[in-house]
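Next up, structure27.txt (compact mmCIF, C-alpha atoms):
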# COMPACT_ATOMS: atom_id res chain seq x y z
CA MET A 26 159.55 100.31 76.36
CA PRO A 27 162.72 98.41 75.55
CA ASP A 28 163.95 100.25 72.46
CA ASP A 29 163.83 103.98 71.91
CA SER A 30 160.27 105.07 71.07
CA ASN A 31 159.03 106.03 67.62
CA ASP A 32 157.68 109.38 68.72
CA HIS A 33 159.86 111.22 66.23
CA GLY A 34 161.11 110.62 62.74
CA PRO A 35 159.52 109.07 59.68
CA ARG A 36 158.50 105.79 61.36
CA ARG A 37 156.50 107.70 63.98
CA GLY A 38 153.49 105.80 65.40
CA VAL A 39 154.59 102.41 64.11
CA ILE A 40 154.79 99.83 66.87
CA SER A 41 157.64 97.38 66.71
CA GLN A 42 157.16 93.66 67.32
CA GLN A 43 158.99 93.92 70.60
CA ASP A 44 156.73 96.68 71.86
CA ARG A 45 153.66 94.73 70.87
CA GLU A 46 154.82 91.78 72.97
CA ALA A 47 155.48 94.08 75.90
CA PHE A 48 152.00 95.62 75.65
CA LYS A 49 150.40 92.21 75.48
CA SER A 50 152.19 90.90 78.54
CA ARG A 51 151.38 94.07 80.46
CA ALA A 52 147.72 93.86 79.50
CA SER A 53 147.41 90.25 80.59
CA GLU A 54 149.22 91.05 83.84
CA LEU A 55 146.79 93.89 84.50
CA GLY A 56 143.89 91.58 83.67
CA GLN A 57 145.11 89.06 86.20
CA LYS A 58 145.49 91.71 88.86
CA LEU A 59 141.98 93.02 88.20
CA ASP A 60 140.55 89.50 88.37
CA GLU A 61 142.23 88.97 91.71
CA LEU A 62 140.83 92.24 93.04
CA ALA A 63 137.39 91.44 91.73
CA LYS A 64 137.53 88.02 93.39
CA ARG A 65 138.55 89.56 96.66
CA LYS A 66 135.73 92.06 96.54
CA ALA A 67 133.09 89.78 95.07
CA PRO A 68 131.23 88.54 98.16
CA GLY A 69 130.39 92.13 99.06
CA THR A 70 129.54 91.27 102.63
CA ASP A 71 132.42 92.91 104.38
CA ASN A 72 132.73 96.32 102.75
CA ALA A 73 131.54 99.46 104.45
CA GLY A 74 128.63 100.03 102.09
CA ALA A 75 127.06 96.67 102.82
CA ARG A 76 127.59 97.16 106.53
CA GLY A 77 125.94 100.57 106.35
CA ALA A 78 123.00 99.10 104.49
CA ALA A 79 122.63 96.39 107.11
CA LEU A 80 122.78 98.99 109.87
CA SER A 81 120.09 101.05 108.19
CA GLN A 82 117.84 98.00 107.98
CA ALA A 83 118.35 97.36 111.68
CA PHE A 84 117.48 100.97 112.52
CA LYS A 85 114.38 100.74 110.38
CA ILE A 86 113.02 97.65 112.09
CA VAL A 87 113.88 98.13 115.73
CA VAL A 88 111.84 101.29 116.30
CA GLU A 89 108.67 99.76 114.87
CA LEU A 90 108.71 97.16 117.63
CA VAL A 91 108.86 99.75 120.39
CA VAL A 92 106.53 102.38 118.98
CA GLY A 93 103.55 100.06 118.42
CA VAL A 94 103.55 98.86 122.03
CA ALA A 95 104.15 102.37 123.39
CA LEU A 96 101.24 103.78 121.42
CA GLY A 97 99.05 100.91 122.65
CA VAL A 98 99.91 101.76 126.25
CA VAL A 99 99.24 105.47 125.84
CA VAL A 100 95.93 105.04 124.01
CA GLY A 101 94.79 102.27 126.34
CA LEU A 102 95.58 104.18 129.52
CA SER A 103 93.96 107.39 128.35
CA LEU A 104 90.81 105.54 127.26
CA ASP A 105 90.68 103.82 130.65
CA ARG A 106 90.91 107.15 132.38
CA TYR A 107 88.33 108.77 130.10
CA PHE A 108 85.71 106.03 130.54
CA GLN A 109 86.63 105.37 134.19
CA THR A 110 86.70 101.60 133.63
CA SER A 111 86.87 99.30 136.65
CA GLY A 112 90.03 97.63 135.36
CA PRO A 113 92.67 98.26 132.74
CA TRP A 114 90.54 96.72 129.98
CA PHE A 115 91.36 99.23 127.28
CA LEU A 116 95.02 98.97 128.19
CA ILE A 117 94.96 95.20 127.66
CA VAL A 118 93.15 95.46 124.33
CA PHE A 119 95.28 98.27 122.91
CA LEU A 120 98.51 96.73 124.14
CA GLY A 121 97.67 93.68 122.03
CA LEU A 122 96.59 95.75 119.04
CA GLY A 123 99.65 97.99 119.25
CA PHE A 124 101.96 95.01 119.45
CA ALA A 125 100.25 93.40 116.46
CA ALA A 126 100.48 96.64 114.47
CA GLY A 127 104.17 97.00 115.27
CA MET A 128 104.76 93.40 114.23
CA LEU A 129 102.85 93.97 111.00
CA ASN A 130 105.14 96.86 110.13
CA VAL A 131 108.21 94.80 110.98
CA ILE A 132 107.07 91.90 108.81
CA ARG A 133 106.28 94.25 105.92
CA THR A 134 109.66 95.95 106.07
CA ALA A 135 111.40 92.59 106.34
CA THR A 136 109.57 91.10 103.33
CA GLN A 137 110.40 94.19 101.29
CA MET A 138 114.06 93.91 102.19
CA GLN A 139 114.04 90.21 101.36
CA ALA A 140 112.39 90.83 98.01
CA LYS A 141 115.07 93.39 97.22
CA SER A 142 118.03 91.23 98.21
CA GLU A 143 116.71 88.03 96.62
CA PRO A 144 118.16 88.50 93.12
CA LEU A 145 121.53 89.25 94.70
CA GLN A 146 121.40 86.07 96.72
CA ARG A 147 120.42 84.00 93.70
CA SER A 148 123.37 85.21 91.68
CA ALA A 149 125.83 84.45 94.44
CA PRO A 150 127.18 80.93 93.95
CA SER A 151 127.96 80.45 97.62
CA VAL A 152 124.29 80.27 98.55
CA ARG A 153 122.90 76.80 98.00
CA ASP A 154 119.33 76.64 96.78
CA ASP A 155 117.77 73.88 98.83
CA GLY A 156 114.42 74.21 97.13
CA GLU A 157 112.64 75.10 100.32
CA GLU A 158 109.82 77.54 99.92
CA ASP A 159 109.88 80.04 102.70
CA ARG A 160 107.14 82.61 102.90
CA MET B 28 121.84 118.73 129.29
CA HIS B 29 123.22 122.00 128.13
CA GLN B 30 123.53 121.05 124.48
CA PHE B 31 119.82 120.25 124.19
CA GLU B 32 118.57 123.43 125.84
CA ILE B 33 116.42 125.81 123.88
CA VAL B 34 117.38 129.45 124.24
CA ARG B 35 115.23 132.32 123.06
CA LEU B 36 117.35 134.58 120.94
CA LEU B 37 114.63 136.93 119.81
CA LYS B 38 111.39 137.22 121.68
CA LEU B 39 108.40 137.21 119.36
CA GLU B 40 104.91 136.86 120.72
CA PRO B 41 102.35 137.74 118.08
CA PHE B 42 98.76 137.31 119.34
CA GLY B 43 100.01 135.82 122.61
CA LEU B 44 101.61 132.87 120.82
CA ASP B 45 105.20 132.07 121.66
CA ALA B 46 106.92 132.18 118.29
CA SER B 47 110.32 133.28 119.48
CA PHE B 48 113.37 132.88 117.31
CA THR B 49 115.37 130.30 119.24
CA ASN B 50 118.78 128.70 118.78
CA SER B 51 116.88 125.81 117.23
CA SER B 52 115.37 128.12 114.62
CA LEU B 53 118.79 129.64 114.04
CA PHE B 54 120.31 126.27 113.25
CA MET B 55 117.41 125.38 110.98
CA VAL B 56 118.06 128.57 109.06
CA ILE B 57 121.77 127.78 108.95
CA ALA B 58 121.07 124.24 107.73
CA ALA B 59 118.81 125.53 104.97
CA GLY B 60 121.34 128.24 104.11
CA VAL B 61 124.26 125.81 103.98
CA SER B 62 122.41 123.39 101.70
CA ILE B 63 121.27 126.16 99.36
CA ALA B 64 124.74 127.68 99.29
CA PHE B 65 126.36 124.31 98.66
CA LEU B 66 124.05 123.37 95.80
CA THR B 67 124.15 126.76 94.08
CA PHE B 68 127.90 127.11 94.48
CA ALA B 69 128.51 123.55 93.28
CA MET B 70 126.48 124.11 90.13
CA SER B 71 127.59 127.69 89.47
CA ASN B 72 130.35 126.88 86.96
CA ARG B 73 129.20 123.52 85.76
CA SER B 74 131.08 121.62 83.13
CA LEU B 75 130.82 118.29 81.36
CA VAL B 76 133.69 116.96 83.42
CA PRO B 77 132.62 117.94 86.93
CA ASN B 78 134.94 119.22 89.62
CA ARG B 79 134.71 117.91 93.17
CA MET B 80 131.87 120.11 94.38
CA GLN B 81 129.82 119.55 91.28
CA SER B 82 130.23 115.79 91.42
CA ALA B 83 129.24 115.79 95.11
CA ALA B 84 126.05 117.67 94.24
CA GLU B 85 125.38 115.37 91.28
CA LEU B 86 126.00 112.35 93.48
CA ALA B 87 123.38 113.57 95.95
CA TYR B 88 120.92 114.21 93.13
CA GLU B 89 121.46 110.81 91.49
CA PHE B 90 121.28 109.07 94.85
CA ILE B 91 117.85 110.43 95.70
CA ALA B 92 116.57 110.23 92.12
CA ASN B 93 117.44 106.53 91.99
CA MET B 94 115.88 106.00 95.38
CA VAL B 95 112.60 107.57 94.28
CA ARG B 96 112.62 105.71 90.96
CA GLU B 97 113.35 102.40 92.65
CA ASN B 98 110.82 102.69 95.45
CA VAL B 99 107.97 104.62 93.85
CA GLY B 100 108.48 104.25 90.12
CA LYS B 101 108.43 106.78 87.29
CA GLU B 102 105.29 108.45 88.59
CA GLY B 103 107.00 109.18 91.86
CA MET B 104 109.48 111.54 90.21
CA LYS B 105 106.80 114.22 90.57
CA TYR B 106 107.56 114.17 94.27
CA PHE B 107 111.33 114.06 93.85
CA PRO B 108 111.83 117.73 94.88
CA PHE B 109 110.03 117.09 98.16
CA VAL B 110 112.06 113.98 99.00
CA PHE B 111 115.31 115.65 97.97
CA THR B 112 114.64 118.73 100.09
CA LEU B 113 113.71 116.57 103.05
CA PHE B 114 116.86 114.47 102.72
CA ILE B 115 119.21 117.42 102.33
CA PHE B 116 117.63 119.34 105.19
CA VAL B 117 117.76 116.43 107.64
CA LEU B 118 121.30 115.59 106.53
CA ALA B 119 122.43 119.19 106.99
CA CYS B 120 120.81 119.39 110.45
CA ASN B 121 122.40 116.11 111.55
CA MET B 122 125.84 117.01 110.25
CA LEU B 123 125.79 120.55 111.66
CA GLY B 124 124.83 119.09 115.02
CA LEU B 125 128.09 117.16 115.10
CA LEU B 126 130.14 120.36 115.15
CA PRO B 127 131.28 121.18 118.69
CA GLY B 128 129.19 123.87 120.30
CA SER B 129 126.41 123.66 117.77
CA PHE B 130 122.80 122.75 118.33
CA THR B 131 121.29 119.55 116.93
CA VAL B 132 117.86 120.46 115.64
CA THR B 133 116.90 116.84 114.97
CA SER B 134 117.51 115.81 118.58
CA HIS B 135 114.17 117.36 119.52
CA ILE B 136 111.07 115.30 118.88
CA VAL B 137 109.01 118.42 118.18
CA VAL B 138 111.06 119.07 115.07
CA THR B 139 111.21 115.49 113.81
CA PHE B 140 107.54 114.94 114.56
CA ALA B 141 106.64 118.06 112.61
CA LEU B 142 108.65 116.73 109.65
CA ALA B 143 107.11 113.27 109.95
CA LEU B 144 103.62 114.73 110.25
CA THR B 145 104.20 116.75 107.09
CA VAL B 146 105.12 113.54 105.28
CA PHE B 147 102.14 111.72 106.78
CA ILE B 148 99.59 114.39 105.88
CA MET B 149 101.02 114.79 102.38
CA VAL B 150 101.05 111.05 101.69
CA THR B 151 97.51 110.59 103.01
CA THR B 152 96.26 113.52 100.94
CA ILE B 153 97.92 112.13 97.80
CA GLY B 154 96.33 108.75 98.49
CA PHE B 155 92.84 110.20 98.84
CA VAL B 156 93.24 112.49 95.84
CA ARG B 157 94.41 109.68 93.58
CA HIS B 158 92.14 106.89 94.74
CA GLY B 159 89.23 108.70 96.41
CA PHE B 160 87.58 106.64 99.11
CA GLY B 161 89.15 103.58 97.52
CA TYR B 162 92.25 104.53 99.46
CA LEU B 163 90.51 103.14 102.54
CA LYS B 164 90.91 99.70 100.98
CA LEU B 165 94.45 99.90 102.28
CA PHE B 166 93.02 98.99 105.67
CA VAL B 167 90.87 96.14 104.39
CA PRO B 168 93.06 93.42 102.92
CA GLU B 169 91.48 91.27 100.24
CA GLY B 170 90.51 87.67 100.76
CA VAL B 171 90.05 87.94 104.50
CA PRO B 172 86.87 86.59 106.16
CA VAL B 173 84.50 89.23 107.54
CA ILE B 174 84.93 88.15 111.14
CA MET B 175 88.69 88.46 110.89
CA LEU B 176 88.29 91.95 109.41
CA LEU B 177 86.94 93.12 112.77
CA LEU B 178 90.38 92.38 114.18
CA ILE B 179 92.56 93.12 111.20
CA THR B 180 91.17 96.51 110.23
CA PRO B 181 92.01 98.11 113.61
CA ILE B 182 95.48 96.59 113.45
CA GLU B 183 96.01 97.94 109.93
CA LEU B 184 94.67 101.32 111.01
CA ILE B 185 97.03 101.50 113.99
CA SER B 186 99.97 100.36 111.90
CA TYR B 187 99.18 103.22 109.51
CA MET B 188 98.77 105.71 112.34
CA ILE B 189 102.06 104.85 114.04
CA ARG B 190 103.99 105.72 110.89
CA PRO B 191 104.63 109.36 111.78
CA ILE B 192 105.49 108.36 115.34
CA SER B 193 108.00 105.71 114.38
CA LEU B 194 109.45 107.95 111.67
CA SER B 195 110.03 110.81 114.12
CA VAL B 196 111.08 108.71 117.11
CA ARG B 197 113.70 106.88 115.04
CA LEU B 198 115.43 110.08 113.97
CA PHE B 199 115.12 111.92 117.28
CA ALA B 200 116.16 108.97 119.47
CA ASN B 201 119.21 108.15 117.39
CA MET B 202 120.45 111.72 117.33
CA MET B 203 119.84 112.32 121.01
CA ALA B 204 121.29 108.97 122.12
CA GLY B 205 124.42 109.51 120.06
CA HIS B 206 125.04 112.98 121.43
CA THR B 207 124.38 111.83 124.99
CA MET B 208 126.82 108.94 124.61
CA LEU B 209 129.48 111.33 123.33
CA LYS B 210 128.85 113.62 126.29
CA VAL B 211 129.04 110.74 128.80
CA PHE B 212 132.33 109.46 127.43
CA GLY B 213 133.63 113.01 127.24
CA GLY B 214 132.79 113.33 130.95
CA PHE B 215 134.81 110.18 131.66
CA VAL B 216 137.82 111.71 129.96
CA VAL B 217 137.68 114.67 132.31
CA SER B 218 137.05 112.69 135.50
CA LEU B 219 139.65 109.98 134.86
CA GLY B 220 142.49 112.42 134.35
CA LEU B 221 145.44 112.50 132.04
CA ILE B 222 146.38 108.80 131.82
CA GLY B 223 143.13 107.01 132.67
CA GLY B 224 141.25 109.30 130.32
CA LEU B 225 143.00 108.01 127.23
CA ALA B 226 140.73 104.99 126.87
CA PRO B 227 137.45 106.93 126.91
CA LEU B 228 139.08 109.49 124.63
CA ALA B 229 139.75 106.74 122.10
CA VAL B 230 136.14 105.59 122.44
CA THR B 231 134.94 109.14 121.88
CA VAL B 232 136.99 109.44 118.70
CA ALA B 233 135.67 106.13 117.39
CA PHE B 234 132.16 107.07 118.39
CA THR B 235 132.38 110.36 116.52
CA GLY B 236 133.08 108.35 113.36
CA LEU B 237 130.07 106.17 114.03
CA GLU B 238 127.97 109.29 114.67
CA LEU B 239 128.92 110.60 111.22
CA LEU B 240 127.63 107.36 109.72
CA VAL B 241 124.47 107.48 111.82
CA ALA B 242 123.84 111.11 110.88
CA PHE B 243 123.92 110.14 107.21
CA LEU B 244 121.98 106.89 107.68
CA GLN B 245 119.16 108.56 109.58
CA ALA B 246 118.69 111.13 106.84
CA PHE B 247 118.77 108.29 104.30
CA ILE B 248 116.22 106.21 106.24
CA PHE B 249 113.92 109.21 106.60
CA ALA B 250 113.99 109.69 102.82
CA VAL B 251 113.62 105.98 102.01
CA LEU B 252 110.62 105.59 104.30
CA THR B 253 109.03 108.69 102.78
CA CYS B 254 109.45 107.00 99.40
CA ILE B 255 107.92 103.75 100.67
CA TYR B 256 104.91 105.60 102.08
CA LEU B 257 104.55 107.53 98.82
CA ASN B 258 104.61 104.21 96.98
CA ASP B 259 101.75 102.94 99.14
CA ALA B 260 99.73 106.06 98.38
CA ILE B 261 100.40 106.09 94.64
CA ASN B 262 100.41 102.44 93.69
CA MET B 263 98.45 101.01 96.65
CA HIS B 264 100.36 97.76 96.66
CA HIS B 265 99.17 95.12 98.99
CA HIS B 266 102.29 93.70 100.42
Give the structure from this file in structure tokens form.
Amino acid sequence: MPDDSNDHGPRRGVISQQDREAFKSRASELGQKLDELAKRKAPGTDNAGARGAALSQAFKIVVELVVGVALGVVVGLSLDRYFQTSGPWFLIVFLGLGFAAGMLNVIRTATQMQAKSEPLQRSAPSVRDDGEEDR
Amino acid sequence: MHQFEIVRLLKLEPFGLDASFTNSSLFMVIAAGVSIAFLTFAMSNRSLVPNRMQSAAELAYEFIANMVRENVGKEGMKYFPFVFTLFIFVLACNMLGLLPGSFTVTSHIVVTFALALTVFIMVTTIGFVRHGFGYLKLFVPEGVPVIMLLLITPIELISYMIRPISLSVRLFANMMAGHTMLKVFGGFVVSLGLIGGLAPLAVTVAFTGLELLVAFLQAFIFAVLTCIYLNDAINMHHH
């Protein structure tokens, strides 16, 4: 503060005009700085948290694709062996079913993620709403 | 590889079953011990303004509580202790596995599959208890023609059955792949010598950071998916 503070003496706690001005200017300066920081952080696409979330979504989806097909192969082959079929008929059927099941899980996870991130996207001004209905 | 080998520490064979106490069991005990010690110590002298340990423990609690509330709803809070225990245990196992010379319990599919199967059996039981045979409607989507049901019901059934497999494979594969990568790059450091080894050494350091993230993320995903499955069983949403 510019003049000596009023921490002691009879006028203790009274804020002079000069001090008031100084506080005001400091407060507005701080406000500006905070606004700048908020602006810089606003998109929220580049910080570590968002990246981690994106990574976790990728981990979630990718395994579903593999596991469905793998299970189809295992079940199909073992059924073929058990029933001694002339060709790999069970393998063909269960490969298709396994793939479809894996896809179903992927689509479900993806729609859930989309539903969760939709309000965020709506509030962000950078995303233009082109009125297209997807889904 | 040496780090994935199971060693019998204490031979136990009751009734001819091999139930030896292995290094895997040891690290499971350590993981459970560390999490219990951490949580009890963190909350031992609790105050309104928390210290570091206490706020870490509270952060973990809030994190999982919000996750359960968000994904399952208020009713799901009944199962919060289960999800929290699961998360902390998997997290502790993953993190302990990153210490040099330790054993990564979650890099074995037997362990992760047992965990996933526990989740699967529990969720299915909850579903049947709450909805009775109506739970089977999960496999028969509404508004589908009867002929299509012949195709769709098996697909739905398989997609339900692969849940424990995908849940366990995700955790096990990520942990094992990460540790193997670290080992491979560590091998490069040795074989390339003092100067050439600097590049793989840098990669190893960076990769260790990524492994820390993965260790946390995999525990998180395991808990989130448990919540999503619980939600299916409790609220029976058709997606």
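The gap separating atom CA of Gln30 of chain B from atom CA of Asn50 of chain B is 10.7 Å, in Å to one decimal.
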*Just how far from atom CA of Val95 of chain B is atom CA of Val196 of chain B, in Å to one decimal?*
22.9 Å
*Contacts of segment 90-102 of chain A at 9 Å (all atoms listed in the file; same-chain gap of 3+ positions) as a PyMOL selection string*: (chain A and resi 86-87+105-107+113-128+130-131) or (chain B and resi 185-186+189+192-193+196)
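Atom to atom, atom CA of Asn201 of chain B and atom CA of Pro181 of chain B stand 29.2 Å apart.
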Which polymer residues have any atom within 10 Å of an atom of segment 249-260 of chain B, counting only C-alpha atoms, with same-chain residues fewer than 4 positions away left out, as a PDB file with C-alpha atoms, in the coordinates of the input?
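part_36.pdb written:
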ATOM      1  CA  LYS A  85     114.380 100.740 110.380  1.00  0.00           C
ATOM      2  CA  THR A 134     109.660  95.950 106.070  1.00  0.00           C
ATOM      3  CA  GLN A 137     110.400  94.190 101.290  1.00  0.00           C
TER       4      GLN A 137
ATOM      5  CA  ILE B  91     117.850 110.430  95.700  1.00  0.00           C
ATOM      6  CA  MET B  94     115.880 106.000  95.380  1.00  0.00           C
ATOM      7  CA  VAL B  95     112.600 107.570  94.280  1.00  0.00           C
ATOM      8  CA  ARG B  96     112.620 105.710  90.960  1.00  0.00           C
ATOM      9  CA  GLU B  97     113.350 102.400  92.650  1.00  0.00           C
ATOM     10  CA  ASN B  98     110.820 102.690  95.450  1.00  0.00           C
ATOM     11  CA  VAL B  99     107.970 104.620  93.850  1.00  0.00           C
ATOM     12  CA  GLY B 100     108.480 104.250  90.120  1.00  0.00           C
ATOM     13  CA  GLU B 102     105.290 108.450  88.590  1.00  0.00           C
ATOM     14  CA  GLY B 103     107.000 109.180  91.860  1.00  0.00           C
ATOM     15  CA  TYR B 106     107.560 114.170  94.270  1.00  0.00           C
ATOM     16  CA  PHE B 107     111.330 114.060  93.850  1.00  0.00           C
ATOM     17  CA  PHE B 109     110.030 117.090  98.160  1.00  0.00           C
ATOM     18  CA  VAL B 110     112.060 113.980  99.000  1.00  0.00           C
ATOM     19  CA  PHE B 111     115.310 115.650  97.970  1.00  0.00           C
ATOM     20  CA  THR B 112     114.640 118.730 100.090  1.00  0.00           C
ATOM     21  CA  LEU B 113     113.710 116.570 103.050  1.00  0.00           C
ATOM     22  CA  PHE B 114     116.860 114.470 102.720  1.00  0.00           C
ATOM     23  CA  ILE B 115     119.210 117.420 102.330  1.00  0.00           C
ATOM     24  CA  VAL B 117     117.760 116.430 107.640  1.00  0.00           C
ATOM     25  CA  LEU B 118     121.300 115.590 106.530  1.00  0.00           C
ATOM     26  CA  THR B 139     111.210 115.490 113.810  1.00  0.00           C
ATOM     27  CA  LEU B 142     108.650 116.730 109.650  1.00  0.00           C
ATOM     28  CA  ALA B 143     107.110 113.270 109.950  1.00  0.00           C
ATOM     29  CA  VAL B 146     105.120 113.540 105.280  1.00  0.00           C
ATOM     30  CA  PHE B 147     102.140 111.720 106.780  1.00  0.00           C
ATOM     31  CA  MET B 149     101.020 114.790 102.380  1.00  0.00           C
ATOM     32  CA  VAL B 150     101.050 111.050 101.690  1.00  0.00           C
ATOM     33  CA  THR B 151      97.510 110.590 103.010  1.00  0.00           C
ATOM     34  CA  THR B 152      96.260 113.520 100.940  1.00  0.00           C
ATOM     35  CA  ILE B 153      97.920 112.130  97.800  1.00  0.00           C
ATOM     36  CA  GLY B 154      96.330 108.750  98.490  1.00  0.00           C
ATOM     37  CA  PHE B 155      92.840 110.200  98.840  1.00  0.00           C
ATOM     38  CA  VAL B 156      93.240 112.490  95.840  1.00  0.00           C
ATOM     39  CA  ARG B 157      94.410 109.680  93.580  1.00  0.00           C
ATOM     40  CA  HIS B 158      92.140 106.890  94.740  1.00  0.00           C
ATOM     41  CA  TYR B 162      92.250 104.530  99.460  1.00  0.00           C
ATOM     42  CA  LEU B 165      94.450  99.900 102.280  1.00  0.00           C
ATOM     43  CA  TYR B 187      99.180 103.220 109.510  1.00  0.00           C
ATOM     44  CA  ARG B 190     103.990 105.720 110.890  1.00  0.00           C
ATOM     45  CA  LEU B 194     109.450 107.950 111.670  1.00  0.00           C
ATOM     46  CA  SER B 195     110.030 110.810 114.120  1.00  0.00           C
ATOM     47  CA  ARG B 197     113.700 106.880 115.040  1.00  0.00           C
ATOM     48  CA  LEU B 198     115.430 110.080 113.970  1.00  0.00           C
ATOM     49  CA  LEU B 244     121.980 106.890 107.680  1.00  0.00           C
ATOM     50  CA  GLN B 245     119.160 108.560 109.580  1.00  0.00           C
ATOM     51  CA  HIS B 264     100.360  97.760  96.660  1.00  0.00           C
ATOM     52  CA  HIS B 265      99.170  95.120  98.990  1.00  0.00           C
ATOM     53  CA  HIS B 266     102.290  93.700 100.420  1.00  0.00           C
TER      54      HIS B 266
END
*Within 12 Å of segment 77-85 of chain B, counting all atoms listed in the file, which residues show up once you throw out same-chain ones fewer than 5 positions away? Write them as a PyMOL selection string, please.*
chain B and resi 62-72+90-93+111+115
*Selected residue, from B:Phe48, B:Phe212, B:Phe234, B:Phe166, that lies nearest to chain A when counting all atoms listed in the file*: B:Phe166
*Of the candidates A:Met138, A:Leu59, A:Ala78, A:Leu104, which shows the shortest atom-to-atom distance to chain B, using all atoms listed in the file?*
A:Ala78
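The shell of residues at most 10 Å from Cys120 of chain B, with all atoms listed in the file counted and near chain neighbours (fewer than 2 positions) removed, consists of B:Phe54, B:Met55, B:Val56, B:Ile57, B:Ala58, B:Ala59, B:Val61, B:Ser62, B:Phe114, B:Ile115, B:Phe116, B:Val117, B:Leu118, B:Met122, B:Leu123, B:Gly124, B:Leu125, B:Phe130, B:Thr131, B:Val132, B:Thr133, B:Ser134, B:Ala242, B:Ala246.
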*Looking at all atoms listed in the file, which of A:Val88, A:Ala83, A:Thr110, A:Glu54 is the one that sits closest to chain B?*
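Counting all atoms listed in the file, the residue closest to chain B is A:Val88.
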